[in-house]
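Chemist: Input structure: target_22.cif, which contains mmCIF, C-alpha atoms and all ligand atoms.
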```cif
data_final
#
loop_
_atom_site.group_PDB
_atom_site.id
_atom_site.type_symbol
_atom_site.label_atom_id
_atom_site.label_comp_id
_atom_site.auth_asym_id
_atom_site.auth_seq_id
_atom_site.Cartn_x
_atom_site.Cartn_y
_atom_site.Cartn_z
ATOM 1 C CA MET A 283 0.711 -17.921 90.821
ATOM 2 C CA SER A 284 -2.099 -19.617 92.653
ATOM 3 C CA ALA A 285 -1.707 -22.901 94.488
ATOM 4 C CA ILE A 286 -4.587 -24.082 92.318
ATOM 5 C CA SER A 287 -3.271 -26.524 89.757
ATOM 6 C CA ASN A 288 -6.389 -26.916 87.631
ATOM 7 C CA LEU A 289 -10.160 -27.255 87.618
ATOM 8 C CA GLY A 290 -10.420 -30.884 88.682
ATOM 9 C CA TYR A 291 -14.168 -31.431 88.580
ATOM 10 C CA MET A 292 -17.562 -29.777 88.314
ATOM 11 C CA CYS A 293 -20.805 -30.670 90.099
ATOM 12 C CA ILE A 294 -24.131 -29.961 88.435
ATOM 13 C CA VAL A 295 -27.524 -30.135 90.102
ATOM 14 C CA ALA A 296 -30.075 -31.599 87.692
ATOM 15 C CA ARG A 297 -33.671 -32.780 87.695
ATOM 16 C CA ASP A 298 -33.274 -35.663 85.260
ATOM 17 C CA LEU A 299 -30.344 -37.966 86.013
ATOM 18 C CA ASP A 300 -31.533 -40.536 83.450
ATOM 19 C CA ALA A 301 -31.369 -37.888 80.728
ATOM 20 C CA TRP A 302 -27.853 -36.907 81.821
ATOM 21 C CA GLN A 303 -26.752 -40.547 81.852
ATOM 22 C CA SER A 304 -28.005 -41.063 78.318
ATOM 23 C CA PHE A 305 -26.520 -37.738 77.151
ATOM 24 C CA ALA A 306 -23.114 -38.428 78.698
ATOM 25 C CA THR A 307 -22.774 -41.941 77.329
ATOM 26 C CA ARG A 308 -24.511 -41.691 73.931
ATOM 27 C CA ILE A 309 -23.575 -38.134 72.914
ATOM 28 C CA VAL A 310 -20.521 -36.976 74.866
ATOM 29 C CA GLY A 311 -18.754 -40.337 74.755
ATOM 30 C CA ALA A 312 -18.067 -40.465 78.490
ATOM 31 C CA LEU A 313 -18.459 -43.367 80.917
ATOM 32 C CA CYS A 314 -21.146 -43.115 83.581
ATOM 33 C CA ARG A 315 -22.209 -44.796 86.754
ATOM 34 C CA ARG A 316 -24.768 -44.133 89.475
ATOM 35 C CA THR A 317 -23.607 -43.891 93.060
ATOM 36 C CA ALA A 318 -24.875 -46.580 95.444
ATOM 37 C CA ASP A 319 -27.616 -44.319 96.836
ATOM 38 C CA GLY A 320 -28.859 -43.538 93.326
ATOM 39 C CA GLN A 321 -28.819 -39.815 94.055
ATOM 40 C CA SER A 322 -25.944 -38.836 91.819
ATOM 41 C CA LEU A 323 -24.206 -39.725 88.619
ATOM 42 C CA LEU A 324 -20.443 -39.906 88.125
ATOM 43 C CA ILE A 325 -19.275 -38.996 84.618
ATOM 44 C CA ARG A 326 -15.815 -40.227 83.760
ATOM 45 C CA LEU A 327 -13.541 -38.810 81.031
ATOM 46 C CA ASP A 328 -10.155 -40.278 81.916
ATOM 47 C CA GLU A 329 -8.277 -42.260 84.554
ATOM 48 C CA LEU A 330 -10.039 -40.512 87.459
ATOM 49 C CA GLU A 331 -13.236 -41.907 88.953
ATOM 50 C CA TYR A 332 -15.149 -38.889 87.624
ATOM 51 C CA ARG A 333 -14.817 -35.391 86.225
ATOM 52 C CA PHE A 334 -18.490 -34.408 86.581
ATOM 53 C CA GLN A 335 -20.900 -35.244 89.376
ATOM 54 C CA ILE A 336 -24.567 -34.806 88.515
ATOM 55 C CA LEU A 337 -26.547 -34.375 91.734
ATOM 56 C CA GLN A 338 -30.308 -34.846 92.023
ATOM 57 C CA GLY A 339 -32.082 -31.512 92.536
ATOM 58 C CA ASP A 340 -34.217 -28.823 90.968
ATOM 59 C CA GLU A 341 -31.706 -26.164 89.942
ATOM 60 C CA ASP A 342 -30.401 -27.514 86.605
ATOM 61 C CA ASP A 343 -27.298 -25.409 87.001
ATOM 62 C CA LEU A 344 -23.632 -25.556 87.914
ATOM 63 C CA ALA A 345 -23.342 -26.027 91.681
ATOM 64 C CA VAL A 346 -19.647 -26.583 92.453
ATOM 65 C CA ALA A 347 -16.290 -25.802 90.886
ATOM 66 C CA GLY A 348 -13.743 -28.303 92.232
ATOM 67 C CA TRP A 349 -10.188 -26.923 92.232
ATOM 68 C CA ALA A 350 -7.260 -29.352 92.392
ATOM 69 C CA ILE A 351 -4.266 -28.572 94.591
ATOM 70 C CA ASP A 352 -1.209 -30.769 94.259
ATOM 71 C CA THR A 353 -0.044 -31.271 97.838
ATOM 72 C CA SER A 354 -1.494 -31.263 101.333
ATOM 73 C CA GLN A 355 0.941 -28.528 102.408
ATOM 74 C CA GLU A 356 -0.092 -26.309 99.504
ATOM 75 C CA LEU A 357 -3.741 -26.873 100.413
ATOM 76 C CA ASP A 358 -3.087 -25.865 104.045
ATOM 77 C CA ASP A 359 -1.217 -22.745 102.926
ATOM 78 C CA PHE A 360 -3.930 -21.881 100.412
ATOM 79 C CA VAL A 361 -6.742 -22.209 102.979
ATOM 80 C CA ALA A 362 -4.745 -20.073 105.428
ATOM 81 C CA SER A 363 -4.270 -17.417 102.731
ATOM 82 C CA LEU A 364 -8.025 -17.341 102.029
ATOM 83 C CA ARG A 365 -8.807 -16.961 105.731
ATOM 84 C CA ALA A 366 -6.236 -14.186 106.007
ATOM 85 C CA LYS A 367 -8.209 -12.391 103.283
ATOM 86 C CA GLY A 368 -11.384 -12.712 105.350
ATOM 87 C CA ILE A 369 -12.941 -15.535 103.340
ATOM 88 C CA GLU A 370 -15.056 -18.000 105.306
ATOM 89 C CA VAL A 371 -13.539 -21.361 104.379
ATOM 90 C CA HIS A 372 -14.991 -24.583 105.752
ATOM 91 C CA GLU A 373 -13.440 -28.013 106.030
ATOM 92 C CA ALA A 374 -15.857 -30.508 104.476
ATOM 93 C CA ASP A 375 -17.398 -33.112 106.723
ATOM 94 C CA ASP A 376 -16.711 -36.795 106.102
ATOM 95 C CA ALA A 377 -19.898 -37.349 104.096
ATOM 96 C CA ARG A 378 -19.131 -34.545 101.678
ATOM 97 C CA ARG A 379 -15.464 -35.509 101.335
ATOM 98 C CA ASP A 380 -16.377 -39.153 100.726
ATOM 99 C CA ALA A 381 -18.985 -38.163 98.150
ATOM 100 C CA ARG A 382 -16.317 -36.274 96.198
ATOM 101 C CA LEU A 383 -13.897 -39.238 96.372
ATOM 102 C CA VAL A 384 -10.969 -37.070 97.468
ATOM 103 C CA GLU A 385 -8.496 -37.222 100.354
ATOM 104 C CA ARG A 386 -8.918 -33.667 101.717
ATOM 105 C CA LEU A 387 -11.586 -31.073 100.955
ATOM 106 C CA PHE A 388 -12.385 -27.460 101.875
ATOM 107 C CA TRP A 389 -15.021 -25.136 100.427
ATOM 108 C CA CYS A 390 -16.235 -21.546 100.275
ATOM 109 C CA THR A 391 -18.763 -19.486 98.318
ATOM 110 C CA ASP A 392 -17.995 -16.684 95.869
ATOM 111 C CA PRO A 393 -19.809 -13.307 95.743
ATOM 112 C CA ASP A 394 -22.118 -14.680 93.051
ATOM 113 C CA GLY A 395 -23.192 -17.681 95.150
ATOM 114 C CA LEU A 396 -21.214 -20.388 93.354
ATOM 115 C CA CYS A 397 -19.579 -22.949 95.650
ATOM 116 C CA HIS A 398 -15.836 -23.523 95.216
ATOM 117 C CA GLU A 399 -14.175 -26.654 96.584
ATOM 118 C CA PHE A 400 -10.442 -27.161 97.054
ATOM 119 C CA PHE A 401 -9.089 -30.677 97.231
ATOM 120 C CA THR A 402 -6.127 -32.999 97.111
ATOM 121 C CA GLY A 403 -6.034 -36.661 96.209
ATOM 122 C CA ALA A 404 -8.730 -37.319 93.604
ATOM 123 C CA ARG A 405 -9.373 -41.038 93.450
ATOM 124 C CA GLN A 406 -8.280 -42.917 90.359
ATOM 125 C CA ALA A 407 -10.392 -45.611 88.771
ATOM 126 C CA PRO A 408 -9.008 -49.151 89.219
ATOM 127 C CA LEU A 409 -6.101 -49.906 86.880
ATOM 128 C CA SER A 410 -8.107 -52.898 85.685
ATOM 129 C CA GLN A 411 -10.666 -50.443 84.266
ATOM 130 C CA PRO A 412 -8.754 -48.088 81.937
ATOM 131 C CA PHE A 413 -10.786 -45.368 80.239
ATOM 132 C CA THR A 414 -12.051 -46.464 76.854
ATOM 133 C CA SER A 415 -15.088 -45.104 75.067
ATOM 134 C CA PRO A 416 -16.783 -46.804 72.143
ATOM 135 C CA LEU A 417 -17.628 -43.361 70.733
ATOM 136 C CA ILE A 418 -14.260 -41.628 70.920
ATOM 137 C CA SER A 419 -11.972 -42.581 68.056
ATOM 138 C CA GLY A 420 -8.878 -40.601 68.963
ATOM 139 C CA GLU A 421 -6.874 -40.473 72.133
ATOM 140 C CA GLY A 422 -9.763 -39.372 74.318
ATOM 141 C CA PHE A 423 -10.386 -36.182 76.257
ATOM 142 C CA GLU A 424 -7.755 -33.506 76.907
ATOM 143 C CA THR A 425 -7.746 -33.628 80.693
ATOM 144 C CA GLY A 426 -4.888 -34.835 82.936
ATOM 145 C CA ARG A 427 -2.854 -31.972 84.385
ATOM 146 C CA LEU A 428 -5.039 -29.446 82.511
ATOM 147 C CA GLY A 429 -8.128 -30.531 84.440
ATOM 148 C CA VAL A 430 -11.670 -31.280 83.332
ATOM 149 C CA GLY A 431 -12.166 -28.294 81.009
ATOM 150 C CA HIS A 432 -13.760 -24.944 81.733
ATOM 151 C CA TYR A 433 -16.987 -23.203 82.652
ATOM 152 C CA VAL A 434 -18.330 -19.752 81.896
ATOM 153 C CA GLN A 435 -20.058 -18.167 84.861
ATOM 154 C CA ASN A 436 -22.968 -15.860 84.206
ATOM 155 C CA ALA A 437 -22.417 -13.467 87.110
ATOM 156 C CA ARG A 438 -24.812 -10.897 88.490
ATOM 157 C CA ASP A 439 -21.891 -8.778 89.664
ATOM 158 C CA VAL A 440 -19.040 -9.264 87.217
ATOM 159 C CA ALA A 441 -16.526 -6.975 88.929
ATOM 160 C CA SER A 442 -16.719 -8.629 92.347
ATOM 161 C CA THR A 443 -16.741 -12.109 90.832
ATOM 162 C CA VAL A 444 -13.649 -11.437 88.704
ATOM 163 C CA ALA A 445 -11.962 -9.894 91.750
ATOM 164 C CA PHE A 446 -12.701 -13.076 93.706
ATOM 165 C CA TYR A 447 -11.020 -15.259 91.085
ATOM 166 C CA GLU A 448 -8.035 -12.992 90.700
ATOM 167 C CA GLN A 449 -7.407 -11.667 94.205
ATOM 168 C CA VAL A 450 -8.791 -14.482 96.363
ATOM 169 C CA LEU A 451 -8.211 -17.671 94.359
ATOM 170 C CA GLY A 452 -5.107 -16.265 92.681
ATOM 171 C CA LEU A 453 -6.058 -17.207 89.129
ATOM 172 C CA LYS A 454 -4.529 -15.085 86.367
ATOM 173 C CA ILE A 455 -6.291 -13.177 83.603
ATOM 174 C CA SER A 456 -5.791 -14.813 80.211
ATOM 175 C CA ASP A 457 -7.536 -12.112 78.203
ATOM 176 C CA TYR A 458 -10.792 -10.278 77.597
ATOM 177 C CA ILE A 459 -13.372 -10.331 74.825
ATOM 178 C CA ARG A 460 -15.619 -7.310 74.355
ATOM 179 C CA HIS A 461 -18.040 -8.116 71.547
ATOM 180 C CA GLU A 462 -20.444 -5.283 70.702
ATOM 181 C CA ASP A 463 -23.854 -6.161 69.308
ATOM 182 C CA PHE A 464 -23.291 -9.902 69.773
ATOM 183 C CA LEU A 465 -27.064 -10.037 69.598
ATOM 184 C CA PRO A 466 -29.090 -6.984 68.539
ATOM 185 C CA GLY A 467 -28.572 -4.454 71.294
ATOM 186 C CA GLN A 468 -26.588 -6.877 73.445
ATOM 187 C CA ASN A 469 -22.885 -6.483 74.127
ATOM 188 C CA VAL A 470 -20.863 -9.320 75.630
ATOM 189 C CA GLU A 471 -17.902 -8.690 77.913
ATOM 190 C CA ALA A 472 -16.040 -11.784 79.038
ATOM 191 C CA THR A 473 -13.012 -12.186 81.314
ATOM 192 C CA PHE A 474 -11.001 -15.406 81.034
ATOM 193 C CA LEU A 475 -8.873 -16.868 83.836
ATOM 194 C CA TYR A 476 -6.244 -19.599 84.014
ATOM 195 C CA ALA A 477 -4.717 -21.734 86.746
ATOM 196 C CA ARG A 478 -1.173 -22.983 87.270
ATOM 197 C CA THR A 479 -1.073 -25.753 84.668
ATOM 198 C CA GLY A 480 -2.149 -23.293 81.983
ATOM 199 C CA ARG A 481 -5.290 -24.413 80.188
ATOM 200 C CA HIS A 482 -6.154 -21.130 78.450
ATOM 201 C CA HIS A 483 -9.074 -20.681 80.789
ATOM 202 C CA SER A 484 -10.538 -22.859 83.491
ATOM 203 C CA ALA A 485 -13.175 -20.240 84.277
ATOM 204 C CA ALA A 486 -14.598 -17.201 82.540
ATOM 205 C CA VAL A 487 -17.011 -14.557 83.794
ATOM 206 C CA VAL A 488 -19.725 -12.869 81.717
ATOM 207 C CA ALA A 489 -23.023 -11.123 82.316
ATOM 208 C CA MET A 490 -25.784 -12.513 80.118
ATOM 209 C CA PRO A 491 -29.523 -11.903 80.408
ATOM 210 C CA THR A 492 -30.226 -15.553 81.237
ATOM 211 C CA PRO A 493 -31.368 -17.013 84.557
ATOM 212 C CA LYS A 494 -28.740 -19.727 85.007
ATOM 213 C CA ARG A 495 -25.481 -19.275 86.889
ATOM 214 C CA VAL A 496 -23.573 -21.080 84.149
ATOM 215 C CA HIS A 497 -23.574 -20.140 80.479
ATOM 216 C CA HIS A 498 -21.716 -23.251 79.370
ATOM 217 C CA ILE A 499 -19.223 -25.897 80.369
ATOM 218 C CA MET A 500 -16.502 -27.241 78.085
ATOM 219 C CA VAL A 501 -14.745 -30.530 77.448
ATOM 220 C CA GLN A 502 -11.874 -30.813 74.984
ATOM 221 C CA LEU A 503 -11.049 -33.713 72.691
ATOM 222 C CA LYS A 504 -7.577 -34.669 71.518
ATOM 223 C CA SER A 505 -8.810 -35.209 67.961
ATOM 224 C CA LEU A 506 -10.736 -32.777 65.737
ATOM 225 C CA ASP A 507 -12.428 -35.788 64.173
ATOM 226 C CA ASP A 508 -13.961 -36.585 67.548
ATOM 227 C CA VAL A 509 -15.534 -33.114 67.634
ATOM 228 C CA GLY A 510 -17.031 -33.714 64.184
ATOM 229 C CA LEU A 511 -18.263 -37.151 65.188
ATOM 230 C CA GLY A 512 -19.824 -35.589 68.303
ATOM 231 C CA LEU A 513 -21.641 -33.106 66.085
ATOM 232 C CA ASP A 514 -22.948 -36.017 64.010
ATOM 233 C CA ARG A 515 -24.193 -37.747 67.169
ATOM 234 C CA CYS A 516 -26.048 -34.580 68.203
ATOM 235 C CA THR A 517 -27.705 -34.286 64.792
ATOM 236 C CA ASP A 518 -28.605 -37.971 64.677
ATOM 237 C CA GLY A 519 -29.764 -37.984 68.300
ATOM 238 C CA GLY A 520 -31.934 -34.860 68.144
ATOM 239 C CA ILE A 521 -29.727 -32.816 70.491
ATOM 240 C CA ALA A 522 -30.234 -29.084 69.947
ATOM 241 C CA ILE A 523 -27.185 -27.121 68.787
ATOM 242 C CA GLN A 524 -26.882 -23.666 70.349
ATOM 243 C CA HIS A 525 -23.867 -22.589 68.269
ATOM 244 C CA GLY A 526 -22.528 -24.457 65.246
ATOM 245 C CA ILE A 527 -18.870 -25.207 64.606
ATOM 246 C CA GLY A 528 -16.509 -22.251 64.895
ATOM 247 C CA ARG A 529 -13.217 -21.051 66.361
ATOM 248 C CA HIS A 530 -12.548 -18.660 69.206
ATOM 249 C CA PRO A 531 -9.780 -16.073 68.719
ATOM 250 C CA ASN A 532 -8.387 -16.214 72.251
ATOM 251 C CA ASP A 533 -8.021 -19.881 73.176
ATOM 252 C CA GLN A 534 -8.045 -20.917 69.474
ATOM 253 C CA MET A 535 -10.573 -23.622 70.292
ATOM 254 C CA THR A 536 -12.495 -25.144 67.394
ATOM 255 C CA SER A 537 -15.804 -26.190 68.870
ATOM 256 C CA PHE A 538 -19.572 -26.295 68.804
ATOM 257 C CA TYR A 539 -22.169 -25.927 71.563
ATOM 258 C CA MET A 540 -24.788 -28.579 72.269
ATOM 259 C CA THR A 541 -27.680 -28.287 74.725
ATOM 260 C CA THR A 542 -27.355 -30.389 77.873
ATOM 261 C CA PRO A 543 -30.356 -31.967 79.633
ATOM 262 C CA SER A 544 -30.168 -29.038 82.089
ATOM 263 C CA GLY A 545 -30.667 -26.448 79.361
ATOM 264 C CA PHE A 546 -27.267 -24.764 79.431
ATOM 265 C CA ALA A 547 -24.670 -25.588 76.794
ATOM 266 C CA LEU A 548 -21.750 -27.986 76.602
ATOM 267 C CA GLU A 549 -18.931 -26.737 74.370
ATOM 268 C CA TYR A 550 -17.277 -29.684 72.635
ATOM 269 C CA GLY A 551 -13.895 -28.601 71.349
ATOM 270 C CA TRP A 552 -10.414 -29.268 70.057
ATOM 271 C CA GLY A 553 -7.156 -27.337 69.846
ATOM 272 C CA GLY A 554 -7.319 -25.020 72.867
ATOM 273 C CA ILE A 555 -3.953 -23.515 73.709
ATOM 274 C CA VAL A 556 -1.936 -23.779 76.932
ATOM 275 C CA ILE A 557 -0.581 -20.624 78.545
ATOM 276 C CA HIS A 558 2.999 -20.305 79.769
ATOM 277 C CA GLU A 559 2.825 -17.501 82.282
ATOM 278 C CA ASP A 560 6.346 -16.164 81.685
ATOM 279 C CA ASP A 561 5.716 -15.176 78.078
ATOM 280 C CA TRP A 562 1.997 -14.375 78.195
ATOM 281 C CA GLU A 563 0.530 -10.967 77.347
ATOM 282 C CA ILE A 564 -3.050 -10.124 78.225
ATOM 283 C CA LYS A 565 -4.990 -9.034 75.133
ATOM 284 C CA THR A 566 -8.485 -7.773 74.464
ATOM 285 C CA TYR A 567 -10.378 -9.237 71.516
ATOM 286 C CA SER A 568 -13.330 -7.616 69.805
ATOM 287 C CA GLN A 569 -15.274 -10.716 68.782
ATOM 288 C CA LEU A 570 -16.143 -14.043 70.330
ATOM 289 C CA SER A 571 -15.340 -16.070 67.219
ATOM 290 C CA ASP A 572 -12.896 -15.819 64.299
ATOM 291 C CA TRP A 573 -15.494 -17.678 62.276
ATOM 292 C CA GLY A 574 -18.566 -19.784 62.876
ATOM 293 C CA HIS A 575 -20.379 -20.450 66.146
ATOM 294 C CA ARG A 576 -23.471 -19.252 64.314
ATOM 295 C CA MET A 577 -26.876 -20.022 65.702
ATOM 296 C CA PRO A 578 -28.636 -22.652 63.578
ATOM 297 C CA VAL A 579 -31.245 -21.493 61.076
ATOM 298 C CA PRO A 580 -34.595 -23.200 61.748
ATOM 299 C CA LEU A 581 -35.727 -25.536 58.988
ATOM 300 C CA LEU A 582 -38.670 -24.345 56.937
ATOM 301 C CA PRO A 583 -41.884 -26.256 57.719
HETATM 302 FE FE FE B 601 -16.028 -22.015 76.276
#
```
Since I need it in another form, could you write the structure as structure tokens?
Ligand SMILES: [Fe+2]
Modeler:
Amino acid sequence: MSAISNLGYMCIVARDLDAWQSFATRIVGALCRRTADGQSLLIRLDELEYRFQILQGDEDDLAVAGWAIDTSQELDDFVASLRAKGIEVHEADDARRDARLVERLFWCTDPDGLCHEFFTGARQAPLSQPFTSPLISGEGFETGRLGVGHYVQNARDVASTVAFYEQVLGLKISDYIRHEDFLPGQNVEATFLYARTGRHHSAAVVAMPTPKRVHHIMVQLKSLDDVGLGLDRCTDGGIAIQHGIGRHPNDQMTSFYMTTPSGFALEYGWGGIVIHEDDWEIKTYSQLSDWGHRMPVPLLP
């Protein structure tokens, strides 16, 4: 199994940081703060200083997947293993490492152009500032050892991107979904991958006819009620729903998909399973959802 423990953070490049700040605090139920230079936004979901960094820029897309490694020795061994496979891995300079609020940081780029960072020592928020959200009624977000959540990468070359995750990063295949005619004339083939601590998938790879590198990102709640309350906040706040409530057959996540200020979706879910590698069998599913996840019907004028 990979040295990678979990997906620790994601960085998103976005045009409108004010919109993201409002979205994160009023809809998602996260805590937010601007960095001192005003050029990025830290979105907090738990005891860590952040789980998402929103960086000022034009792309409106996922820019970095930040992979957590438990120990400095494991990080050294992991970087050496990548270099032995011919991957160009860079040690981050002080400015980049300090911006990520981690102790050690390396990075490389995958065949699809997405940047992957590998770190140890994510900084915790001060103990005097425990995570509490006025909008989250339950026990908060399902993060901790499982990491921030997951993302689905919309890859131009699926085969080489999946090979990178599996053979270079050492992630394991959870399962596949091959959904024919997901949209008229459009088949979806998705490959799901998990890291050491076993969130069903920390990354997935698909090929969709959309321009962004990311199809969606996901955060998980510990209470189903919090997912429903999030749906209410979207409706009340005029946030577009891309897929209504539904359940996926593979990770058994009950969720819906809201539109972020960058145009791609945020899946807001509950109940995703954890994989134990020793008794896991890779399956192939024929549909993306057991039920639901329908696209909303426009209201009549
Ligand atoms: Fe998802």
Chemist: How many Å separate CA of Glu563 in chain A from CA of Leu289 in chain A?
Modeler: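 According to the coordinates, CA of Glu563 in chain A and CA of Leu289 in chain A are separated by 22.0 Å.
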Chemist: Using all atoms listed in the file, find each residue with an atom at most 10 Å away from ligand FE 601 (chain B) and format the answer as a PyMOL selection string.
Modeler: chain A and resi 431-434+474+483-486+497-502+530+533+535+537-539+547-551+554+570
Chemist: Scan for residues within 10 Å of the point (-19.6, -7.9, 74.5) in the coordinates of the file, using all atoms listed in the file, and reply as a list of chain:residue names.
Modeler: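 Output of the proximity query reads A:Tyr458, A:Ile459, A:Arg460, A:His461, A:Glu462, A:Asp463, A:Phe464, A:Leu465, A:Gln468, A:Asn469, A:Val470, A:Glu471, A:Ala472, A:Val488, A:Ala489, A:Met490, A:Tyr567, A:Ser568, A:Gln569, A:Leu570.
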Chemist: Using all atoms listed in the file, can you tell me which of A:Leu357, A:Leu417, A:Ala441, A:Val487 comes closest to Val509 in chain A?
Modeler: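 Checking each candidate against Val509 in chain A, we get A:Leu417 as the closest.
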Chemist: Could you give me, as an MDAnalysis selection string, the residues that sit within 8 Å of (-12.8, -46.6, 85.4) in the file's coordinates, counting all atoms listed in the file?
Modeler: chainID A and resid 313 326 328:331 406:413
Chemist: For the selection just defined, write its residues with C-alpha atoms to a file, as a short mmCIF file (atom, residue, chain, number, x, y, z; two decimals), in the frame of the given file.
Modeler:
```cif
data_model
loop_
_atom_site.label_atom_id
_atom_site.label_comp_id
_atom_site.auth_asym_id
_atom_site.auth_seq_id
_atom_site.Cartn_x
_atom_site.Cartn_y
_atom_site.Cartn_z
CA LEU A 313 -18.46 -43.37 80.92
CA ARG A 326 -15.82 -40.23 83.76
CA ASP A 328 -10.15 -40.28 81.92
CA GLU A 329 -8.28 -42.26 84.55
CA LEU A 330 -10.04 -40.51 87.46
CA GLU A 331 -13.24 -41.91 88.95
CA GLN A 406 -8.28 -42.92 90.36
CA ALA A 407 -10.39 -45.61 88.77
CA PRO A 408 -9.01 -49.15 89.22
CA LEU A 409 -6.10 -49.91 86.88
CA SER A 410 -8.11 -52.90 85.68
CA GLN A 411 -10.67 -50.44 84.27
CA PRO A 412 -8.75 -48.09 81.94
CA PHE A 413 -10.79 -45.37 80.24
#
```
Chemist: Return the padded bounding box of range 489-496 of chain A as lines of an AutoDock Vina configuration file: axis-aligned, built from all atoms listed in the file, 3 Å added on each side, with centre and edge lengths in Å to one decimal.
Modeler:
```
center_x = -27.2
center_y = -16.1
center_z = 83.5
size_x = 14.3
size_y = 16.0
size_z = 12.8
```
Chemist: Exactly which residues make up the result of the PyMOL selection byres (((chain A and resi 374) around 6) and not hetatm) on this file, given as a VMD selection string?
Modeler: chain A and resid 373 375 378 to 379 387 to 388
Chemist: Could you tell me how far CA of Ser544 in chain A sits from CA of Gly290 in chain A, in Å to one decimal place?
Modeler: 20.9 Å
Chemist: What lies within 10 Å of Met283 in chain A using all atoms listed in the file, ignoring chain neighbours under 5 positions off, as a PyMOL selection string?
Modeler: chain A and resi 451-454+476-478+559
Chemist: Please provide as a count of residues only all residues within 12 Å of Thr353 in chain A, with the sequence filter that same-chain residues fewer than 2 positions apart are discarded (counting only C-alpha atoms).
Modeler: 19
Chemist: List, as a PyMOL selection string, every residue that the PyMOL selection byres (((chain A and resi 309) around 10) and not hetatm) selects in the file provided.
Modeler: chain A and resi 302-308+310-312+417+511-519+521+540+542
Chemist: Pull C-alpha atoms from the residues just selected and write them as a short mmCIF file (atom, residue, chain, number, x, y, z; two decimals), keeping the file's coordinate frame.
Modeler:
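Result went into again.cif, see below:
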```cif
data_model
loop_
_atom_site.label_atom_id
_atom_site.label_comp_id
_atom_site.auth_asym_id
_atom_site.auth_seq_id
_atom_site.Cartn_x
_atom_site.Cartn_y
_atom_site.Cartn_z
CA TRP A 302 -27.85 -36.91 81.82
CA GLN A 303 -26.75 -40.55 81.85
CA SER A 304 -28.00 -41.06 78.32
CA PHE A 305 -26.52 -37.74 77.15
CA ALA A 306 -23.11 -38.43 78.70
CA THR A 307 -22.77 -41.94 77.33
CA ARG A 308 -24.51 -41.69 73.93
CA VAL A 310 -20.52 -36.98 74.87
CA GLY A 311 -18.75 -40.34 74.76
CA ALA A 312 -18.07 -40.47 78.49
CA LEU A 417 -17.63 -43.36 70.73
CA LEU A 511 -18.26 -37.15 65.19
CA GLY A 512 -19.82 -35.59 68.30
CA LEU A 513 -21.64 -33.11 66.08
CA ASP A 514 -22.95 -36.02 64.01
CA ARG A 515 -24.19 -37.75 67.17
CA CYS A 516 -26.05 -34.58 68.20
CA THR A 517 -27.70 -34.29 64.79
CA ASP A 518 -28.60 -37.97 64.68
CA GLY A 519 -29.76 -37.98 68.30
CA ILE A 521 -29.73 -32.82 70.49
CA MET A 540 -24.79 -28.58 72.27
CA THR A 542 -27.36 -30.39 77.87
#
```
Chemist: Figure out the distance between CA of Leu383 in chain A and CA of Leu344 in chain A, please, to one decimal in Å.
Modeler: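 Distance reported for this atom pair: 18.8 Å.
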Chemist: Under the rule that only C-alpha atoms are counted, which of A:His398, A:Phe546, A:Ser284, A:Gly526 is the nearest residue to Asp352 in chain A?
Modeler: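 Among the listed residues, A:Ser284 lies closest to Asp352 in chain A.
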Chemist: Quick one: of A:Ile325, A:Leu506, A:Leu475, A:Met577, who's nearest to Ala445 in chain A, counting all atoms listed in the file?
Modeler: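 Ranking A:Ile325, A:Leu506, A:Leu475, A:Met577 by distance to Ala445 in chain A, first place goes to A:Leu475.
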Chemist: Pick out the residues sitting within 8 Å of Ser322 in chain A, and hand them over as a PyMOL selection string; count all atoms listed in the file, and ignore anything fewer than 6 positions along from it in its own chain.
Modeler: chain A and resi 299+316+335-338
Chemist: Going by the chain IDs and residue numbers used in this file, which residues fall under the PyMOL selection byres (((chain A and resi 339) around 7) and not hetatm)? Write them as a list in words.
Modeler: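 Applying the PyMOL selection byres (((chain A and resi 339) around 7) and not hetatm) to the structure shown produces Val295, Ala296, Arg297, Leu337, Gln338, Asp340 and Glu341 of chain A.
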Chemist: I need the chosen residues saved as a compact mmCIF listing (two decimals), in the coordinates of the input, with C-alpha atoms.
Modeler:
```
# COMPACT_ATOMS: atom_id res chain seq x y z
CA VAL A 295 -27.52 -30.14 90.10
CA ALA A 296 -30.08 -31.60 87.69
CA ARG A 297 -33.67 -32.78 87.70
CA LEU A 337 -26.55 -34.38 91.73
CA GLN A 338 -30.31 -34.85 92.02
CA ASP A 340 -34.22 -28.82 90.97
CA GLU A 341 -31.71 -26.16 89.94
```
Chemist: Need the shell around Gly395 in chain A: protein/DNA/RNA residues with any atom at most 9 Å away, counting all atoms listed in the file. Skip same-chain ones fewer than 3 positions apart. Format as a PyMOL selection string?
Modeler: chain A and resi 391-392+495
Chemist: Select, from A:Phe446, A:Trp552, A:Trp573, A:Trp562, the residue with the minimum atom-to-atom distance to Cys390 in chain A, counting all atoms listed in the file.
Modeler: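 Counting all atoms listed in the file, the residue closest to Cys390 in chain A is A:Phe446.
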Chemist: Which residues come within 9 Å of Tyr291 in chain A, counting only C-alpha atoms, excluding same-chain residues fewer than 4 positions away, as a PyMOL selection string?
Modeler: chain A and resi 332-335+346-350+429-431
